[in-house]
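Dumped data-v4.txt below, it's compact mmCIF, C-alpha atoms and all ligand atoms:
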# COMPACT_ATOMS: atom_id res chain seq x y z
CA MET J 1 3.28 29.94 -26.00
CA THR J 2 6.96 30.34 -25.30
CA ALA J 3 9.51 30.00 -28.09
CA PRO J 4 10.80 26.48 -28.65
CA CYS J 5 14.08 25.35 -27.11
CA ARG J 6 16.57 25.60 -30.02
CA MET J 7 18.79 22.60 -29.44
CA ILE J 8 22.11 21.10 -30.51
CA LEU J 9 21.99 17.50 -29.30
CA ASP J 10 25.41 15.85 -28.82
CA VAL J 11 25.14 12.05 -28.91
CA ASP J 12 27.11 8.79 -28.79
CA THR J 13 24.23 6.80 -30.32
CA GLY J 14 23.65 4.37 -28.40
CA ILE J 15 20.14 3.13 -27.62
CA ASP J 16 19.05 5.80 -25.15
CA ASP J 17 20.66 8.40 -27.44
CA ALA J 18 18.41 7.10 -30.23
CA LEU J 19 15.37 7.53 -27.99
CA ALA J 20 16.59 11.04 -27.07
CA ILE J 21 16.86 12.00 -30.74
CA VAL J 22 13.28 10.87 -31.38
CA TYR J 23 12.07 12.64 -28.24
CA ALA J 24 13.70 15.90 -29.39
CA LEU J 25 12.16 15.56 -32.86
CA ARG J 26 8.68 14.87 -31.56
CA ARG J 27 8.33 17.48 -28.80
CA PRO J 28 6.62 20.70 -29.86
CA GLY J 29 8.73 22.68 -27.41
CA ILE J 30 12.03 21.67 -29.05
CA ALA J 31 13.54 22.76 -32.36
CA LEU J 32 16.33 20.27 -33.05
CA GLU J 33 18.69 22.40 -35.16
CA ALA J 34 21.67 20.04 -35.36
CA VAL J 35 23.01 16.79 -33.97
CA THR J 36 26.71 16.36 -33.20
CA THR J 37 28.29 12.97 -32.57
CA ILE J 38 31.01 11.57 -30.37
CA PHE J 39 32.69 8.34 -29.27
CA GLY J 40 31.31 6.67 -26.14
CA ASN J 41 28.81 3.84 -26.36
CA VAL J 42 30.39 3.09 -29.77
CA ASP J 43 33.15 4.63 -31.90
CA VAL J 44 32.33 8.01 -33.43
CA ALA J 45 31.87 6.68 -37.00
CA THR J 46 29.29 4.18 -35.76
CA ALA J 47 27.61 6.84 -33.61
CA THR J 48 27.36 9.08 -36.69
CA ARG J 49 25.90 6.33 -38.88
CA ASN J 50 23.43 5.33 -36.15
CA THR J 51 22.37 8.96 -35.72
CA LEU J 52 21.67 9.36 -39.45
CA GLN J 53 19.71 6.09 -39.44
CA ILE J 54 17.56 7.12 -36.47
CA LEU J 55 16.83 10.54 -37.99
CA GLU J 56 15.75 8.80 -41.21
CA LEU J 57 13.67 6.23 -39.30
CA ALA J 58 11.82 9.20 -37.82
CA GLY J 59 11.44 10.79 -41.26
CA ARG J 60 13.80 13.69 -40.42
CA GLY J 61 16.93 12.93 -42.43
CA GLU J 62 17.39 16.62 -43.23
CA VAL J 63 18.58 17.51 -39.72
CA PRO J 64 22.33 18.29 -40.01
CA VAL J 65 24.73 15.84 -38.35
CA ALA J 66 28.34 16.85 -37.58
CA PRO J 67 30.84 14.23 -36.38
CA GLY J 68 33.12 15.13 -33.48
CA ALA J 69 35.75 13.63 -31.21
CA ALA J 70 36.93 10.04 -31.72
CA HIS J 71 38.49 9.78 -28.27
CA ALA J 72 38.77 11.57 -24.93
CA LEU J 73 41.06 14.59 -24.50
CA VAL J 74 43.90 12.61 -22.92
CA ARG J 75 42.94 8.94 -23.22
CA PRO J 76 42.40 6.51 -26.11
CA PHE J 77 38.96 5.18 -26.98
CA ALA J 78 38.12 1.83 -25.40
CA ARG J 79 34.97 0.06 -26.51
CA GLY J 80 33.10 -1.16 -23.46
CA ALA J 81 29.33 -0.89 -23.88
CA ALA J 82 28.47 -3.67 -26.34
CA HIS J 83 26.65 -5.63 -23.62
CA ILE J 84 24.36 -2.64 -22.97
CA HIS J 85 23.86 -1.17 -26.46
CA GLY J 86 24.82 -4.07 -28.76
CA VAL J 87 27.94 -4.28 -30.91
CA ASN J 88 26.36 -1.94 -33.47
CA GLY J 89 25.05 0.44 -30.77
CA LEU J 90 21.44 -0.16 -31.77
CA GLY J 91 20.71 -3.46 -30.07
CA GLU J 92 21.85 -5.48 -33.14
CA VAL J 93 18.85 -4.21 -35.10
CA GLU J 94 20.01 -3.49 -38.66
CA LEU J 95 18.44 -0.35 -40.14
CA PRO J 96 18.67 0.64 -43.84
CA ALA J 97 21.94 2.35 -44.82
CA PRO J 98 21.53 6.11 -44.35
CA ARG J 99 20.85 8.20 -47.47
CA ALA J 100 22.07 11.47 -45.93
CA ARG J 101 25.75 12.25 -45.38
CA PRO J 102 27.25 13.85 -42.28
CA ARG J 103 28.40 17.45 -42.62
CA ASP J 104 31.99 18.26 -43.47
CA GLU J 105 32.29 20.31 -40.25
CA HIS J 106 33.65 19.20 -36.88
CA ALA J 107 31.09 19.05 -34.09
CA ALA J 108 33.01 21.60 -32.00
CA ASP J 109 33.13 24.03 -34.94
CA LEU J 110 29.38 23.65 -35.47
CA ILE J 111 28.73 24.37 -31.80
CA ILE J 112 30.93 27.48 -31.90
CA ARG J 113 29.42 28.71 -35.18
CA MET J 114 25.84 28.33 -34.01
CA ALA J 115 26.49 29.84 -30.56
CA ARG J 116 28.04 32.91 -32.19
CA ALA J 117 25.32 33.22 -34.83
CA HIS J 118 22.44 33.04 -32.34
CA PRO J 119 23.59 34.63 -29.06
CA GLY J 120 21.53 33.55 -26.07
CA ALA J 121 19.34 31.26 -28.17
CA ILE J 122 21.00 27.83 -28.41
CA THR J 123 20.76 25.09 -25.79
CA LEU J 124 23.57 22.54 -26.01
CA CYS J 125 22.48 19.14 -24.76
CA PRO J 126 25.42 16.71 -24.48
CA VAL J 127 24.31 13.17 -23.67
CA GLY J 128 27.66 11.45 -24.30
CA PRO J 129 31.19 12.19 -23.07
CA LEU J 130 31.74 15.94 -22.88
CA THR J 131 34.69 16.10 -25.28
CA ASN J 132 32.95 18.02 -28.09
CA ALA J 133 31.58 20.57 -25.64
CA ALA J 134 35.00 20.93 -23.99
CA LEU J 135 36.78 21.37 -27.34
CA ALA J 136 34.30 24.09 -28.32
CA LEU J 137 34.65 25.87 -24.97
CA ALA J 138 38.46 25.61 -25.09
CA ARG J 139 38.69 27.04 -28.61
CA ALA J 140 36.08 29.75 -28.06
CA PRO J 141 35.62 30.41 -24.33
CA GLU J 142 33.17 33.24 -25.06
CA ILE J 143 30.51 30.74 -26.15
CA ALA J 144 29.98 29.95 -22.44
CA GLY J 145 28.17 33.28 -22.36
CA LEU J 146 26.58 32.92 -25.80
CA LEU J 147 24.85 29.57 -25.28
CA ARG J 148 21.49 29.85 -23.60
CA GLU J 149 22.35 26.85 -21.46
CA ILE J 150 24.18 23.52 -21.37
CA VAL J 151 21.90 20.73 -20.15
CA LEU J 152 23.99 17.59 -19.88
CA MET J 153 23.50 13.96 -18.95
CA GLY J 154 26.19 13.18 -16.42
CA GLY J 155 27.19 12.77 -12.81
CA THR J 156 25.62 11.16 -9.79
CA LEU J 157 25.61 12.23 -6.15
CA PHE J 158 23.56 9.50 -4.45
CA HIS J 159 22.65 6.79 -6.97
CA PRO J 160 25.38 4.14 -7.43
CA GLY J 161 27.50 4.65 -10.53
CA ILE J 162 27.80 2.29 -13.48
CA PRO J 163 29.10 -1.25 -12.87
CA GLY J 164 32.46 -2.43 -14.19
CA ILE J 165 34.70 0.59 -13.56
CA ALA J 166 37.09 1.53 -10.75
CA SER J 167 35.00 4.46 -9.47
CA PRO J 168 31.85 3.30 -7.70
CA MET J 169 30.20 6.72 -7.98
CA ALA J 170 30.87 7.74 -11.59
CA ASP J 171 28.43 7.76 -14.50
CA ALA J 172 29.57 6.66 -17.98
CA ASN J 173 29.83 10.13 -19.51
CA PHE J 174 32.02 11.72 -16.80
CA TRP J 175 34.06 8.50 -16.58
CA ASN J 176 34.68 8.40 -20.35
CA ASP J 177 36.22 11.89 -20.37
CA ALA J 178 36.68 13.36 -16.91
CA GLU J 179 39.02 16.10 -18.15
CA ALA J 180 36.38 17.26 -20.63
CA ALA J 181 33.76 17.25 -17.87
CA ARG J 182 36.02 19.50 -15.81
CA ILE J 183 36.38 22.01 -18.65
CA VAL J 184 32.61 22.16 -19.06
CA LEU J 185 31.89 22.44 -15.32
CA ARG J 186 34.44 25.25 -14.96
CA SER J 187 33.44 27.07 -18.15
CA GLY J 188 31.09 29.60 -16.61
CA ALA J 189 28.22 28.48 -18.86
CA LYS J 190 24.76 28.15 -17.36
CA LEU J 191 24.65 24.45 -16.48
CA THR J 192 22.04 21.87 -15.60
CA LEU J 193 23.22 18.37 -14.66
CA VAL J 194 20.77 15.56 -15.36
CA GLY J 195 22.55 12.68 -13.66
CA MET J 196 21.79 9.18 -12.49
CA ASP J 197 20.03 10.48 -9.36
CA VAL J 198 17.10 11.29 -11.66
CA THR J 199 17.71 9.24 -14.82
CA MET J 200 17.54 5.95 -12.90
CA LYS J 201 14.04 6.99 -11.77
CA ALA J 202 12.98 7.33 -15.42
CA LEU J 203 12.55 3.72 -16.47
CA LEU J 204 11.34 2.27 -19.76
CA THR J 205 9.43 -0.90 -18.90
CA PRO J 206 8.41 -3.82 -21.16
CA ALA J 207 4.77 -2.69 -20.79
CA MET J 208 5.72 0.75 -22.14
CA THR J 209 7.65 -0.70 -25.09
CA ARG J 210 4.64 -2.86 -26.02
CA THR J 211 2.32 0.17 -25.90
CA ILE J 212 4.66 2.20 -28.08
CA ALA J 213 5.40 -0.64 -30.54
CA ALA J 214 1.69 -1.07 -31.28
CA HIS J 215 1.62 2.39 -32.88
CA GLY J 216 3.18 1.34 -36.19
CA PRO J 217 6.25 -0.01 -38.00
CA ALA J 218 8.72 2.78 -37.15
CA ALA J 219 7.73 2.80 -33.48
CA ALA J 220 7.94 -1.00 -33.46
CA THR J 221 11.47 -0.89 -34.92
CA LEU J 222 12.51 1.66 -32.32
CA MET J 223 11.14 -0.55 -29.56
CA ARG J 224 12.95 -3.63 -30.94
CA ILE J 225 16.12 -1.59 -30.40
CA ALA J 226 14.94 -0.52 -26.94
CA ASP J 227 14.12 -4.11 -25.94
CA PHE J 228 17.84 -4.98 -26.11
CA TYR J 229 18.51 -2.17 -23.63
CA VAL J 230 15.69 -3.26 -21.32
CA HIS J 231 17.03 -6.82 -21.27
CA ALA J 232 20.59 -5.58 -20.64
CA TYR J 233 19.37 -3.61 -17.61
CA GLN J 234 17.40 -6.56 -16.29
CA ALA J 235 20.57 -8.70 -16.51
CA GLN J 236 22.72 -6.02 -14.89
CA TYR J 237 20.31 -4.89 -12.17
CA PRO J 238 18.26 -7.95 -11.11
CA GLY J 239 14.70 -7.00 -10.22
CA ILE J 240 14.74 -3.63 -12.00
CA ALA J 241 11.49 -2.75 -13.81
CA GLY J 242 13.15 -1.47 -16.98
CA CYS J 243 16.07 0.49 -18.43
CA GLY J 244 17.18 3.98 -17.46
CA LEU J 245 16.04 6.70 -19.87
CA HIS J 246 19.17 8.76 -19.25
CA ASP J 247 19.47 10.71 -22.48
CA PRO J 248 15.77 11.31 -23.19
CA LEU J 249 15.39 12.78 -19.70
CA ALA J 250 18.21 15.27 -20.32
CA VAL J 251 16.44 16.41 -23.49
CA ALA J 252 13.13 16.59 -21.63
CA VAL J 253 14.62 18.75 -18.87
CA ALA J 254 16.16 21.08 -21.46
CA GLU J 255 12.66 21.68 -22.80
CA ASP J 256 10.86 21.75 -19.45
CA PRO J 257 12.81 22.06 -16.19
CA SER J 258 9.57 21.78 -14.23
CA LEU J 259 9.84 17.99 -14.66
CA VAL J 260 12.62 17.90 -12.04
CA THR J 261 13.61 19.31 -8.69
CA ALA J 262 17.11 20.75 -8.79
CA GLU J 263 19.48 22.40 -6.34
CA ALA J 264 22.06 25.04 -7.22
CA MET J 265 25.45 23.66 -6.20
CA GLN J 266 29.14 24.26 -6.64
CA VAL J 267 30.28 21.15 -8.45
CA ASP J 268 33.44 19.77 -9.99
CA VAL J 269 34.71 16.41 -11.17
CA GLU J 270 37.55 14.38 -9.65
CA LEU J 271 40.44 13.66 -12.03
CA ALA J 272 43.10 12.03 -9.87
CA GLY J 273 41.39 9.81 -7.32
CA GLU J 274 42.24 6.12 -7.31
CA LEU J 275 38.63 5.34 -6.32
CA THR J 276 36.95 8.55 -7.44
CA ARG J 277 38.17 9.46 -10.94
CA GLY J 278 35.20 10.78 -12.89
CA GLN J 279 33.09 11.33 -9.79
CA LEU J 280 30.95 14.44 -9.46
CA VAL J 281 31.88 16.30 -6.28
CA ALA J 282 29.51 18.87 -4.78
CA ASP J 283 30.68 21.45 -2.27
CA ARG J 284 27.48 22.19 -0.35
CA ARG J 285 29.16 24.00 2.52
CA ARG J 286 27.42 27.22 3.39
CA THR J 287 30.37 29.56 3.35
CA GLY J 288 30.81 32.76 1.42
CA LYS J 289 33.43 31.15 -0.78
CA VAL J 290 31.12 28.54 -2.25
CA GLN J 291 29.54 29.74 -5.49
CA PRO J 292 27.01 27.51 -7.25
CA ASN J 293 27.94 26.79 -10.88
CA ALA J 294 25.23 24.28 -11.79
CA ALA J 295 21.69 23.19 -11.14
CA VAL J 296 21.92 19.54 -10.13
CA CYS J 297 18.74 17.50 -10.62
CA LEU J 298 17.75 15.52 -7.53
CA ASP J 299 14.17 14.37 -8.08
CA LEU J 300 11.79 13.73 -10.96
CA ASP J 301 8.06 13.90 -11.60
CA VAL J 302 8.01 10.30 -12.86
CA PRO J 303 4.36 10.03 -14.03
CA ARG J 304 4.51 13.29 -16.00
CA PHE J 305 7.78 12.38 -17.73
CA THR J 306 6.62 8.81 -18.43
CA GLU J 307 3.41 9.98 -20.09
CA ARG J 308 5.30 12.53 -22.17
CA PHE J 309 7.95 9.98 -23.20
CA VAL J 310 5.43 7.34 -24.34
CA ALA J 311 3.53 9.93 -26.39
CA ALA J 312 6.73 11.19 -28.02
CA MET J 313 7.87 7.69 -29.05
CA ARG J 314 4.77 7.12 -31.18
CA VAL J 315 6.87 8.04 -34.15
CA SER J 316 5.30 8.09 -37.60
CA PRO J 317 6.68 5.66 -40.16
CA ALA J 318 9.54 6.98 -42.27
CA ARG J 319 8.76 7.41 -45.96
CA CA Q 1 24.57 8.73 -24.54

Please go through the file and, once you have read it, give me the structure as C-alpha cells.
Ligand code: CA
Amino acid sequence: MTAPCRMILDVDTGIDDALAIVYALRRPGIALEAVTTIFGNVDVATATRNTLQILELAGRGEVPVAPGAAHALVRPFARGAAHIHGVNGLGEVELPAPRARPRDEHAADLIIRMARAHPGAITLCPVGPLTNAALALARAPEIAGLLREIVLMGGTLFHPGIPGIASPMADANFWNDAEAARIVLRSGAKLTLVGMDVTMKALLTPAMTRTIAAHGPAAATLMRIADFYVHAYQAQYPGIAGCGLHDPLAVAVAEDPSLVTAEAMQVDVELAGELTRGQLVADRRRTGKVQPNAAVCLDLDVPRFTERFVAAMRVSPAR
C-alpha cells in the first residue's frame, strides 16, 4: 500500500465543499491534516463555522481549521452564491453550533508552516478562490518546491462557465480571484487542474442522495444539505440529472489521479479581458517555447468515481 495523501484542504464551505470535506475524511488514501477556509460561496467567517460544523457532523472535530482571506487580492468580497448554496452556505440546514474553535493562525501561515515542516509530503487542495494559496506562495515562494503538489478545483477549457458573470468561460474560483489564480499558475509548483470539463461530468443525482441518506442520521443530514444543491442545479440547468461534484472530485483526483485523463499544458488565466477575465487560457502550440506547467483534467471515469463517492458519503453518525 502506498502512503496516504497528506492533505491541506482549502474550502469556501459551501455545499460541495462540505461533501469534499467528508470525502477526504472517509477515504483511506487521504490523511486530512488541516482545513483552511476562505471567502467565496459565503464570507470567510461563515465558511469557517460551516467547516467546523461539517467536521463535527462527521465526528472529526479535532481536525485543525485555520481561517484565511476575507476577500480577493485586489477586489472586495461580493456575496453571490446564495441561490446555489443557501444563505448560510449549507442549504439552509441548521447544524448544531460548533464546539471546536478555529486556530489562531492564518491559513496562509499554516500552509507555509506545514510545507516547510514536511518537504515533499503535503498536497494542497484548494477548492475555493485561490487567495490563500497565492498569499502563501507570495510570502514564501520556496513552498512551490516543498509542496508535493497543488490539486485545485478551477478553470474550464470546453465546458461552459458559470451563469451570471461577464465571462462565459470562467469557473467560480478563477472568477472570484483571477489575480490569485495567476500567482498559483505561475508559481512553479506541480499543478493539477480539476476544472468544469470534468467536474460537470461528476453529478450527484436524487437517486444517489436517497441511497446515501438511508445509511443513517448523519448521512441523511448531509444529503438534506445536498438536496438544496441538486435543486439549485436543476433550476439553473434544465434537464440536468443532478449537481456538479466539483470539490469532491478535486479531492478524489488528489488521492487517485487514475480517475481522470489529463493533458500537460502551458496554462495561464486572463486578467484584463472584457469578455474573458478569469478564463483559463491554454497554449497548446507545439513550439519549443511552450512549457507545460499543469496537468489539466479532460475526462473522467464516471462510474468509478460515482461508486467511490457514494461509499464515502455513508458517514457514521457524530457522537
Ligand atoms: Ca468550493

Find the spatial neighbours of J:Arg186, counting only C-alpha atoms, within a cut-off of 9 Å - ignore same-chain residues fewer than 5 positions away - and output them as a PDB file with C-alpha atoms, in the coordinates of the input.
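Saved as part-v9.pdb:
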ATOM      1  CA  ALA J 181      33.760  17.250 -17.870  1.00  0.00           C
ATOM      2  CA  VAL J 267      30.280  21.150  -8.450  1.00  0.00           C
ATOM      3  CA  ASP J 268      33.440  19.770  -9.990  1.00  0.00           C
ATOM      4  CA  ASN J 293      27.940  26.790 -10.880  1.00  0.00           C
TER       5      ASN J 293
END

Extract, using all atoms listed in the file, all DNA, RNA and protein residues at most 12 Å from J:Ser167, discarding same-chain residues fewer than 3 positions from it, and format them as a short mmCIF file (atom, residue, chain, number, x, y, z; two decimals) with C-alpha atoms, in the frame of the given file.
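The resulting file, result.cif, is shown below:
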data_model
loop_
_atom_site.label_atom_id
_atom_site.label_comp_id
_atom_site.auth_asym_id
_atom_site.auth_seq_id
_atom_site.Cartn_x
_atom_site.Cartn_y
_atom_site.Cartn_z
CA GLY J 155 27.19 12.77 -12.81
CA THR J 156 25.62 11.16 -9.79
CA PRO J 160 25.38 4.14 -7.43
CA GLY J 161 27.50 4.65 -10.53
CA ILE J 162 27.80 2.29 -13.48
CA PRO J 163 29.10 -1.25 -12.87
CA GLY J 164 32.46 -2.43 -14.19
CA ALA J 170 30.87 7.74 -11.59
CA ASP J 171 28.43 7.76 -14.50
CA ALA J 172 29.57 6.66 -17.98
CA PHE J 174 32.02 11.72 -16.80
CA TRP J 175 34.06 8.50 -16.58
CA ASN J 176 34.68 8.40 -20.35
CA ALA J 178 36.68 13.36 -16.91
CA GLU J 270 37.55 14.38 -9.65
CA LEU J 271 40.44 13.66 -12.03
CA ALA J 272 43.10 12.03 -9.87
CA GLY J 273 41.39 9.81 -7.32
CA GLU J 274 42.24 6.12 -7.31
CA LEU J 275 38.63 5.34 -6.32
CA THR J 276 36.95 8.55 -7.44
CA ARG J 277 38.17 9.46 -10.94
CA GLY J 278 35.20 10.78 -12.89
CA GLN J 279 33.09 11.33 -9.79
CA LEU J 280 30.95 14.44 -9.46
#

Residues within 9 Å of ligand CA 1 (chain Q) (only C-alpha atoms and all ligand atoms), as a PDB file with C-alpha atoms, in the frame of the given file?
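The resulting pocket00.pdb:
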ATOM      1  CA  ASP J  10      25.410  15.850 -28.820  1.00  0.00           C
ATOM      2  CA  VAL J  11      25.140  12.050 -28.910  1.00  0.00           C
ATOM      3  CA  ASP J  12      27.110   8.790 -28.790  1.00  0.00           C
ATOM      4  CA  THR J  13      24.230   6.800 -30.320  1.00  0.00           C
ATOM      5  CA  GLY J  14      23.650   4.370 -28.400  1.00  0.00           C
ATOM      6  CA  ILE J  15      20.140   3.130 -27.620  1.00  0.00           C
ATOM      7  CA  ASP J  16      19.050   5.800 -25.150  1.00  0.00           C
ATOM      8  CA  ASP J  17      20.660   8.400 -27.440  1.00  0.00           C
ATOM      9  CA  ALA J  18      18.410   7.100 -30.230  1.00  0.00           C
ATOM     10  CA  ALA J  20      16.590  11.040 -27.070  1.00  0.00           C
ATOM     11  CA  GLY J  40      31.310   6.670 -26.140  1.00  0.00           C
ATOM     12  CA  ASN J  41      28.810   3.840 -26.360  1.00  0.00           C
ATOM     13  CA  PRO J 126      25.420  16.710 -24.480  1.00  0.00           C
ATOM     14  CA  VAL J 127      24.310  13.170 -23.670  1.00  0.00           C
ATOM     15  CA  GLY J 128      27.660  11.450 -24.300  1.00  0.00           C
ATOM     16  CA  PRO J 129      31.190  12.190 -23.070  1.00  0.00           C
ATOM     17  CA  MET J 153      23.500  13.960 -18.950  1.00  0.00           C
ATOM     18  CA  ALA J 172      29.570   6.660 -17.980  1.00  0.00           C
ATOM     19  CA  ASN J 173      29.830  10.130 -19.510  1.00  0.00           C
ATOM     20  CA  HIS J 246      19.170   8.760 -19.250  1.00  0.00           C
ATOM     21  CA  ASP J 247      19.470  10.710 -22.480  1.00  0.00           C
TER      22      ASP J 247
END

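Interatomic distance, atom CA of J:Thr205 against atom CA of J:Asn50: 23.1 Å.
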
Please build the interface table for stretch 207-266 of chain J against stretch 79-89 of chain J with a cut-off of 10 Å, listing for each qualifying residue the nearest atom pair and the distance in Å to one decimal; count all atoms listed in the file, order rows by chain and increasing number, and write it as a tab-separated table.
residue	atom	partner	partner_atom	distance
J:Ile225	CA	J:His85	CA	8.7
J:Ala226	CA	J:His85	CA	9.0
J:Phe228	CA	J:His85	CA	7.1
J:Tyr229	CA	J:Ile84	CA	5.9
J:Val230	CA	J:Ile84	CA	8.8
J:His231	CA	J:Ile84	CA	8.6
J:Ala232	CA	J:Ile84	CA	5.3
J:Tyr233	CA	J:Ile84	CA	7.4
J:Ala235	CA	J:Ile84	CA	9.6
J:Gln236	CA	J:Ile84	CA	8.9
J:Cys243	CA	J:Ile84	CA	10.0
